[in-house]
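The next block is final-v3.cif, given as mmCIF, C-alpha atoms, pLDDT in the B column; chains and numbers go by the auth columns.
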```
data_work
#
loop_
_atom_site.group_PDB
_atom_site.id
_atom_site.type_symbol
_atom_site.label_atom_id
_atom_site.label_comp_id
_atom_site.label_asym_id
_atom_site.label_seq_id
_atom_site.Cartn_x
_atom_site.Cartn_y
_atom_site.Cartn_z
_atom_site.B_iso_or_equiv
_atom_site.auth_seq_id
_atom_site.auth_asym_id
ATOM 1 C CA MET A 1 13.803 9.433 33.798 47.00 265 C
ATOM 2 C CA THR A 2 15.967 9.651 36.943 47.00 266 C
ATOM 3 C CA GLY A 3 19.352 7.993 37.370 44.00 267 C
ATOM 4 C CA GLU A 4 17.864 5.486 39.797 48.00 268 C
ATOM 5 C CA SER A 5 15.077 4.473 37.415 46.00 269 C
ATOM 6 C CA VAL A 6 17.531 4.085 34.547 39.00 270 C
ATOM 7 C CA HIS A 7 19.744 1.923 36.764 45.00 271 C
ATOM 8 C CA ALA A 8 16.743 -0.146 37.838 46.00 272 C
ATOM 9 C CA SER A 9 15.638 -0.568 34.249 46.00 273 C
ATOM 10 C CA PHE A 10 19.138 -1.641 33.258 35.00 274 C
ATOM 11 C CA GLU A 11 19.251 -4.196 36.057 44.00 275 C
ATOM 12 C CA ALA A 12 15.835 -5.550 35.063 46.00 276 C
ATOM 13 C CA SER A 13 16.990 -5.927 31.467 48.00 277 C
ATOM 14 C CA ALA A 14 20.229 -7.574 32.496 50.00 278 C
ATOM 15 C CA GLY A 15 18.415 -10.003 34.772 59.00 279 C
ATOM 16 C CA ASP A 16 15.673 -10.835 32.279 61.00 280 C
ATOM 17 C CA PRO A 17 16.919 -12.056 28.861 57.00 281 C
ATOM 18 C CA LYS A 18 13.390 -11.972 27.429 49.00 282 C
ATOM 19 C CA HIS A 19 12.962 -8.344 28.444 49.00 283 C
ATOM 20 C CA ALA A 20 16.319 -7.497 26.907 51.00 284 C
ATOM 21 C CA ALA A 21 15.379 -9.271 23.685 53.00 285 C
ATOM 22 C CA ARG A 22 12.054 -7.401 23.488 62.00 286 C
ATOM 23 C CA ALA A 23 13.832 -4.091 24.060 56.00 287 C
ATOM 24 C CA THR A 24 16.336 -4.936 21.321 69.00 288 C
ATOM 25 C CA ARG A 25 13.585 -5.866 18.866 73.00 289 C
ATOM 26 C CA SER A 26 11.661 -2.695 19.691 76.00 290 C
ATOM 27 C CA ALA A 27 14.736 -0.552 19.127 76.00 291 C
ATOM 28 C CA GLY A 28 15.400 -2.376 15.864 79.00 292 C
ATOM 29 C CA ARG A 29 11.868 -1.776 14.583 86.00 293 C
ATOM 30 C CA LYS A 30 12.128 1.884 15.524 90.00 294 C
ATOM 31 C CA MET A 31 15.419 2.303 13.684 93.00 295 C
ATOM 32 C CA ARG A 32 14.130 0.500 10.592 94.00 296 C
ATOM 33 C CA SER A 33 11.074 2.754 10.530 95.00 297 C
ATOM 34 C CA LEU A 34 13.258 5.827 10.965 95.00 298 C
ATOM 35 C CA LEU A 35 15.465 4.798 8.039 97.00 299 C
ATOM 36 C CA LEU A 36 12.437 4.110 5.838 97.00 300 C
ATOM 37 C CA ASP A 37 10.958 7.496 6.729 97.00 301 C
ATOM 38 C CA ALA A 38 14.217 9.208 5.785 97.00 302 C
ATOM 39 C CA ALA A 39 14.816 7.234 2.585 97.00 303 C
ATOM 40 C CA SER A 40 11.343 7.405 0.985 97.00 304 C
ATOM 41 C CA PRO A 41 11.264 11.137 0.144 97.00 305 C
ATOM 42 C CA LEU A 42 14.874 11.033 -1.058 97.00 306 C
ATOM 43 C CA PHE A 43 14.193 8.090 -3.354 97.00 307 C
ATOM 44 C CA ARG A 44 11.027 9.717 -4.689 95.00 308 C
ATOM 45 C CA GLU A 45 12.800 12.977 -5.402 94.00 309 C
ATOM 46 C CA ARG A 46 16.166 11.715 -6.680 95.00 310 C
ATOM 47 C CA GLY A 47 15.564 8.109 -7.703 94.00 311 C
ATOM 48 C CA LEU A 48 17.655 5.094 -6.749 95.00 312 C
ATOM 49 C CA SER A 49 20.868 6.079 -8.516 94.00 313 C
ATOM 50 C CA GLY A 50 20.682 9.689 -7.328 96.00 314 C
ATOM 51 C CA THR A 51 20.363 8.795 -3.647 96.00 315 C
ATOM 52 C CA ALA A 52 23.454 7.827 -1.671 96.00 316 C
ATOM 53 C CA ILE A 53 23.434 5.720 1.474 96.00 317 C
ATOM 54 C CA ALA A 54 25.332 8.530 3.191 96.00 318 C
ATOM 55 C CA ASP A 55 22.508 10.971 2.373 96.00 319 C
ATOM 56 C CA ILE A 56 19.906 8.652 3.881 97.00 320 C
ATOM 57 C CA ALA A 57 22.006 8.124 6.996 96.00 321 C
ATOM 58 C CA ALA A 58 22.507 11.876 7.424 96.00 322 C
ATOM 59 C CA THR A 59 18.774 12.541 7.055 96.00 323 C
ATOM 60 C CA ALA A 60 17.959 9.858 9.621 95.00 324 C
ATOM 61 C CA ASP A 61 20.774 10.957 11.943 94.00 325 C
ATOM 62 C CA ALA A 62 22.121 7.423 11.688 94.00 326 C
ATOM 63 C CA PHE A 63 25.274 5.674 10.518 95.00 327 C
ATOM 64 C CA PRO A 64 25.606 4.218 6.982 95.00 328 C
ATOM 65 C CA SER A 65 26.466 0.897 8.597 95.00 329 C
ATOM 66 C CA GLN A 66 23.005 0.815 10.179 95.00 330 C
ATOM 67 C CA ILE A 67 21.420 0.901 6.735 95.00 331 C
ATOM 68 C CA THR A 68 23.453 -2.069 5.543 94.00 332 C
ATOM 69 C CA TYR A 69 22.782 -3.858 8.852 95.00 333 C
ATOM 70 C CA TYR A 70 18.989 -3.564 8.582 95.00 334 C
ATOM 71 C CA PHE A 71 18.509 -3.663 4.798 95.00 335 C
ATOM 72 C CA ARG A 72 21.761 -5.134 3.405 93.00 336 C
ATOM 73 C CA THR A 73 21.700 -3.022 0.216 95.00 337 C
ATOM 74 C CA LYS A 74 20.360 0.295 -1.034 96.00 338 C
ATOM 75 C CA GLU A 75 18.235 -1.607 -3.561 96.00 339 C
ATOM 76 C CA ALA A 76 16.540 -3.616 -0.811 96.00 340 C
ATOM 77 C CA LEU A 77 15.808 -0.410 1.083 97.00 341 C
ATOM 78 C CA PHE A 78 14.370 1.143 -2.078 97.00 342 C
ATOM 79 C CA VAL A 79 12.008 -1.772 -2.666 97.00 343 C
ATOM 80 C CA GLU A 80 10.862 -1.856 0.949 97.00 344 C
ATOM 81 C CA CYS A 81 10.189 1.903 0.869 97.00 345 C
ATOM 82 C CA ALA A 82 8.135 1.551 -2.309 97.00 346 C
ATOM 83 C CA CYS A 83 6.136 -1.379 -0.926 97.00 347 C
ATOM 84 C CA ARG A 84 5.397 0.448 2.314 97.00 348 C
ATOM 85 C CA GLU A 85 4.321 3.602 0.471 97.00 349 C
ATOM 86 C CA LEU A 86 1.943 1.617 -1.732 97.00 350 C
ATOM 87 C CA LEU A 87 0.255 0.036 1.277 96.00 351 C
ATOM 88 C CA TYR A 88 -0.016 3.455 2.929 96.00 352 C
ATOM 89 C CA LEU A 89 -1.666 4.739 -0.247 97.00 353 C
ATOM 90 C CA ALA A 90 -4.101 1.803 -0.291 96.00 354 C
ATOM 91 C CA ARG A 91 -5.128 2.627 3.276 95.00 355 C
ATOM 92 C CA ALA A 92 -5.594 6.308 2.442 96.00 356 C
ATOM 93 C CA THR A 93 -7.609 5.354 -0.629 95.00 357 C
ATOM 94 C CA GLU A 94 -10.002 3.223 1.392 93.00 358 C
ATOM 95 C CA GLN A 95 -10.429 6.025 3.939 94.00 359 C
ATOM 96 C CA ALA A 96 -11.135 8.592 1.218 94.00 360 C
ATOM 97 C CA ALA A 97 -13.934 6.450 -0.201 93.00 361 C
ATOM 98 C CA LEU A 98 -15.654 5.631 3.098 91.00 362 C
ATOM 99 C CA ASN A 99 -18.220 8.417 2.852 89.00 363 C
ATOM 100 C CA ALA A 100 -19.135 7.891 -0.804 91.00 364 C
ATOM 101 C CA ARG A 101 -22.908 7.866 -1.256 91.00 365 C
ATOM 102 C CA THR A 102 -23.075 6.118 -4.632 93.00 366 C
ATOM 103 C CA PRO A 103 -20.991 3.512 -6.479 93.00 367 C
ATOM 104 C CA ARG A 104 -19.904 6.200 -8.931 94.00 368 C
ATOM 105 C CA ASP A 105 -18.717 8.463 -6.101 95.00 369 C
ATOM 106 C CA TYR A 106 -16.909 5.523 -4.530 94.00 370 C
ATOM 107 C CA THR A 107 -14.954 4.710 -7.678 95.00 371 C
ATOM 108 C CA HIS A 108 -14.191 8.390 -8.247 96.00 372 C
ATOM 109 C CA ALA A 109 -12.830 8.785 -4.698 96.00 373 C
ATOM 110 C CA LEU A 110 -10.582 5.763 -5.162 96.00 374 C
ATOM 111 C CA ALA A 111 -9.231 6.928 -8.514 96.00 375 C
ATOM 112 C CA GLN A 112 -8.764 10.519 -7.398 96.00 376 C
ATOM 113 C CA THR A 113 -6.773 9.528 -4.306 97.00 377 C
ATOM 114 C CA VAL A 114 -4.531 7.109 -6.184 96.00 378 C
ATOM 115 C CA THR A 115 -3.726 9.489 -9.037 96.00 379 C
ATOM 116 C CA ALA A 116 -2.974 12.394 -6.676 96.00 380 C
ATOM 117 C CA SER A 117 0.030 10.468 -5.317 94.00 381 C
ATOM 118 C CA ASP A 118 3.256 9.259 -6.919 93.00 382 C
ATOM 119 C CA SER A 119 3.285 6.099 -4.782 95.00 383 C
ATOM 120 C CA VAL A 120 2.125 3.867 -7.639 95.00 384 C
ATOM 121 C CA ALA A 121 4.905 5.152 -9.905 92.00 385 C
ATOM 122 C CA PHE A 122 7.373 4.644 -7.051 94.00 386 C
ATOM 123 C CA PHE A 123 6.190 1.054 -6.670 95.00 387 C
ATOM 124 C CA ALA A 124 6.439 0.493 -10.432 92.00 388 C
ATOM 125 C CA GLU A 125 10.138 1.385 -10.214 93.00 389 C
ATOM 126 C CA ALA A 126 10.515 -1.274 -7.539 93.00 390 C
ATOM 127 C CA LEU A 127 8.798 -3.793 -9.835 92.00 391 C
ATOM 128 C CA THR A 128 11.300 -3.028 -12.565 90.00 392 C
ATOM 129 C CA LEU A 129 14.183 -3.374 -10.135 92.00 393 C
ATOM 130 C CA THR A 130 13.080 -6.814 -8.940 91.00 394 C
ATOM 131 C CA ARG A 131 13.196 -8.113 -12.502 87.00 395 C
ATOM 132 C CA ARG A 132 16.971 -7.917 -12.160 86.00 396 C
ATOM 133 C CA ARG A 133 17.076 -8.645 -8.428 89.00 397 C
ATOM 134 C CA GLN A 134 14.974 -11.736 -7.852 90.00 398 C
ATOM 135 C CA ASP A 135 16.093 -11.891 -4.221 92.00 399 C
ATOM 136 C CA LEU A 136 13.851 -8.865 -3.651 93.00 400 C
ATOM 137 C CA ALA A 137 10.821 -10.371 -5.407 94.00 401 C
ATOM 138 C CA PRO A 138 9.281 -12.052 -2.307 94.00 402 C
ATOM 139 C CA LEU A 139 8.719 -8.672 -0.622 94.00 403 C
ATOM 140 C CA VAL A 140 6.963 -7.348 -3.722 94.00 404 C
ATOM 141 C CA GLU A 141 4.879 -10.519 -3.971 95.00 405 C
ATOM 142 C CA ARG A 142 3.769 -10.255 -0.331 95.00 406 C
ATOM 143 C CA THR A 143 2.918 -6.584 -0.827 96.00 407 C
ATOM 144 C CA ILE A 144 0.769 -7.291 -3.881 95.00 408 C
ATOM 145 C CA GLU A 145 -1.080 -10.103 -2.155 95.00 409 C
ATOM 146 C CA ARG A 146 -1.724 -7.915 0.874 95.00 410 C
ATOM 147 C CA LEU A 147 -2.827 -5.072 -1.380 95.00 411 C
ATOM 148 C CA HIS A 148 -5.350 -7.274 -3.149 95.00 412 C
ATOM 149 C CA GLY A 149 -6.530 -9.009 0.006 95.00 413 C
ATOM 150 C CA GLU A 150 -7.166 -5.822 1.961 95.00 414 C
ATOM 151 C CA GLY A 151 -8.662 -4.155 -1.102 94.00 415 C
ATOM 152 C CA ALA A 152 -11.101 -7.008 -1.624 95.00 416 C
ATOM 153 C CA ARG A 153 -12.192 -6.924 2.019 95.00 417 C
ATOM 154 C CA ALA A 154 -12.679 -3.159 1.939 94.00 418 C
ATOM 155 C CA TYR A 155 -14.673 -3.362 -1.301 94.00 419 C
ATOM 156 C CA ALA A 156 -16.908 -6.180 -0.051 94.00 420 C
ATOM 157 C CA SER A 157 -17.503 -4.242 3.175 93.00 421 C
ATOM 158 C CA GLN A 158 -18.640 -1.188 1.225 92.00 422 C
ATOM 159 C CA MET A 159 -21.015 -3.275 -0.891 92.00 423 C
ATOM 160 C CA VAL A 160 -22.644 -4.698 2.222 93.00 424 C
ATOM 161 C CA ARG A 161 -22.628 -1.404 4.104 90.00 425 C
ATOM 162 C CA HIS A 162 -24.473 0.500 1.368 90.00 426 C
ATOM 163 C CA GLY A 163 -26.528 -2.311 -0.109 91.00 427 C
ATOM 164 C CA TRP A 164 -24.842 -1.951 -3.497 93.00 428 C
ATOM 165 C CA ARG A 165 -24.621 -4.776 -6.003 92.00 429 C
ATOM 166 C CA SER A 166 -21.103 -5.489 -7.227 91.00 430 C
ATOM 167 C CA LEU A 167 -20.747 -6.297 -10.908 90.00 431 C
ATOM 168 C CA ARG A 168 -17.683 -8.432 -10.179 91.00 432 C
ATOM 169 C CA ALA A 169 -16.406 -10.501 -7.274 93.00 433 C
ATOM 170 C CA PRO A 170 -14.564 -8.338 -4.687 92.00 434 C
ATOM 171 C CA ASP A 171 -11.211 -10.015 -5.330 93.00 435 C
ATOM 172 C CA GLU A 172 -11.558 -9.506 -9.075 95.00 436 C
ATOM 173 C CA SER A 173 -12.558 -5.871 -8.576 94.00 437 C
ATOM 174 C CA SER A 174 -9.559 -5.174 -6.339 94.00 438 C
ATOM 175 C CA ARG A 175 -7.065 -6.806 -8.668 95.00 439 C
ATOM 176 C CA ARG A 176 -8.540 -5.053 -11.684 95.00 440 C
ATOM 177 C CA PHE A 177 -8.467 -1.662 -9.967 95.00 441 C
ATOM 178 C CA TRP A 178 -4.788 -1.859 -9.053 95.00 442 C
ATOM 179 C CA ALA A 179 -3.752 -3.345 -12.405 94.00 443 C
ATOM 180 C CA VAL A 180 -5.493 -0.452 -14.167 95.00 444 C
ATOM 181 C CA ALA A 181 -3.973 2.073 -11.744 95.00 445 C
ATOM 182 C CA ILE A 182 -0.414 0.823 -12.285 94.00 446 C
ATOM 183 C CA GLY A 183 -0.786 0.660 -16.060 94.00 447 C
ATOM 184 C CA ILE A 184 -2.378 4.065 -16.483 95.00 448 C
ATOM 185 C CA MET A 185 -0.020 5.828 -14.113 93.00 449 C
ATOM 186 C CA LEU A 186 3.064 4.334 -15.743 91.00 450 C
ATOM 187 C CA GLU A 187 1.887 5.525 -19.129 93.00 451 C
ATOM 188 C CA GLY A 188 0.697 8.855 -17.749 93.00 452 C
ATOM 189 C CA TYR A 189 3.941 9.668 -15.971 89.00 453 C
ATOM 190 C CA ALA A 190 5.876 8.870 -19.141 89.00 454 C
ATOM 191 C CA MET A 191 3.629 11.246 -21.091 92.00 455 C
ATOM 192 C CA GLY A 192 3.667 13.966 -18.440 93.00 456 C
ATOM 193 C CA ARG A 193 -0.089 13.837 -17.834 94.00 457 C
ATOM 194 C CA SER A 194 -1.698 15.690 -14.952 95.00 458 C
ATOM 195 C CA PRO A 195 -3.341 13.934 -11.979 95.00 459 C
ATOM 196 C CA GLU A 196 -6.730 15.112 -13.300 96.00 460 C
ATOM 197 C CA ALA A 197 -6.082 13.512 -16.685 96.00 461 C
ATOM 198 C CA LEU A 198 -4.912 10.297 -15.024 96.00 462 C
ATOM 199 C CA CYS A 199 -8.029 10.194 -12.862 96.00 463 C
ATOM 200 C CA ALA A 200 -10.308 10.730 -15.868 96.00 464 C
ATOM 201 C CA GLU A 201 -8.567 7.942 -17.770 96.00 465 C
ATOM 202 C CA MET A 202 -8.851 5.577 -14.819 96.00 466 C
ATOM 203 C CA LEU A 203 -12.566 6.246 -14.519 96.00 467 C
ATOM 204 C CA ARG A 204 -13.027 5.678 -18.244 95.00 468 C
ATOM 205 C CA VAL A 205 -11.220 2.335 -18.204 95.00 469 C
ATOM 206 C CA LEU A 206 -12.755 1.094 -14.951 94.00 470 C
ATOM 207 C CA GLY A 207 -16.286 1.946 -16.013 91.00 471 C
ATOM 208 C CA GLU A 208 -19.097 0.957 -13.698 90.00 472 C
ATOM 209 C CA GLN A 209 -18.000 -1.217 -10.781 89.00 473 C
ATOM 210 C CA ALA A 210 -21.243 -1.577 -8.875 86.00 474 C
ATOM 211 C CA LYS A 211 -24.877 -0.507 -8.904 89.00 475 C
ATOM 212 C CA SER A 212 -27.084 0.922 -6.208 84.00 476 C
ATOM 213 C CA THR A 213 -30.010 -1.420 -5.667 74.00 477 C
ATOM 214 C CA GLY A 214 -32.117 1.234 -3.971 60.00 478 C
ATOM 215 C CA ASP A 215 -33.112 -1.360 -1.399 45.00 479 C
ATOM 216 C CA THR A 216 -30.849 -1.396 1.655 43.00 480 C
ATOM 217 C CA THR A 217 -32.701 -4.377 3.109 40.00 481 C
ATOM 218 C CA ARG A 218 -31.364 -6.620 0.347 41.00 482 C
ATOM 219 C CA LEU A 219 -27.597 -6.756 0.575 39.00 483 C
ATOM 220 C CA ARG A 220 -26.661 -8.575 -2.599 42.00 484 C
ATOM 221 C CA LEU A 221 -23.100 -9.244 -3.643 44.00 485 C
ATOM 222 C CA VAL A 222 -22.169 -10.701 -6.986 46.00 486 C
ATOM 223 C CA GLU A 223 -22.309 -14.235 -5.591 45.00 487 C
ATOM 224 C CA ASP A 224 -25.952 -13.699 -4.560 47.00 488 C
ATOM 225 C CA ALA A 225 -26.810 -12.413 -8.017 43.00 489 C
ATOM 226 C CA ALA A 226 -25.269 -15.470 -9.638 43.00 490 C
ATOM 227 C CA SER A 227 -27.168 -17.754 -7.274 46.00 491 C
ATOM 228 C CA ASN A 228 -30.502 -16.089 -8.087 47.00 492 C
ATOM 229 C CA SER A 229 -29.783 -16.350 -11.797 44.00 493 C
ATOM 230 C CA ASN A 230 -29.204 -20.105 -11.524 49.00 494 C
ATOM 231 C CA GLU A 231 -32.435 -20.583 -9.622 49.00 495 C
ATOM 232 C CA GLU A 232 -34.419 -18.675 -12.222 48.00 496 C
ATOM 233 C CA GLY A 233 -32.835 -20.714 -15.048 47.00 497 C
#
```
Would you mind writing the file out in structure tokens?
Amino acid sequence: MTGESVHASFEASAGDPKHAARATRSAGRKMRSLLLDAASPLFRERGLSGTAIADIAATADAFPSQITYYFRTKEALFVECACRELLYLARATEQAALNARTPRDYTHALAQTVTASDSVAFFAEALTLTRRRQDLAPLVERTIERLHGEGARAYASQMVRHGWRSLRAPDESSRRFWAVAIGIMLEGYAMGRSPEALCAEMLRVLGEQAKSTGDTTRLRLVEDAASNSNEEG
């Protein structure tokens, strides 16, 4: 950018409060994202107590004061990192299962992707932290609701797309999947189990989630099955 264009941009910002406010918000979002990117791997490797604010600032090429400005405390930054990583994992999990040809393959792809990452264990640490820091609980609550909501929509979409019949309502299936994932991975990490062992245990506990109807012209979800059952009765 030339000196003239920078000067012109500055004048436009100075003469337009809304433009200046948008630029400030954009810069703020960028800095927050940069700090989260820097903090996540440090927290995952060293834990909360082993990671100093100064280390995060140095990694992000920022000032420690910027961390306290955007996140207030190291604990709040930790929880936000864990929540963001869990939602990233959920997105990656849905993508990994898109090309599954059978319900069994679909469930296996979900479980394999989740257990190959430490994001669930990271999030579990944030859950434990919020038990003592209730001011951080709303962020965790919003993350869980978003996790379940997006998971239910993705699951229902797959049922319709492939013509599979779900054995449970999409919302129930999503909540059950993530509850099982968190429980098994907490136990597995404590016992030092491998990702393969965690995946096998998840598949065992989850069991069959859906069935292939073999008829793609009849797209039946669990609600349709219940309706048909009532009519027959």
*Report the residues retrieved by the PyMOL selection byres ((chain C and resi 438) around 12) from the displayed file, expressed as a PyMOL selection string.*
chain C and resi 354+358+371+374+408-420+430+432-437+439-445+470+473
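Across the structure, atom CA of Leu312 of chain C and atom CA of Leu300 of chain C are spaced 13.7 Å apart.
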*One-decimal distance in Å that lies between atom CA of Ala454 of chain C and atom CA of Thr379 of chain C*: 14.0 Å
*How many Å lie between atom CA of Glu460 of chain C and atom CA of Glu472 of chain C, rounded to one decimal?*
18.8 Å
_Residues near Cys345 of chain C, cut-off 10 Å, only C-alpha atoms, skip fewer than 5 positions along chain, as a ChimeraX atom specification_ = /C:297,299-305,307-308,339-340,350,383,386-387,390
*From the set C:Glu344, C:Glu465, C:Asp369, C:Glu309, which residue has the shortest atom-to-atom contact distance to Leu403 of chain C, counting only C-alpha atoms?*
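Distance minimum relative to Leu403 of chain C lands on C:Glu344.
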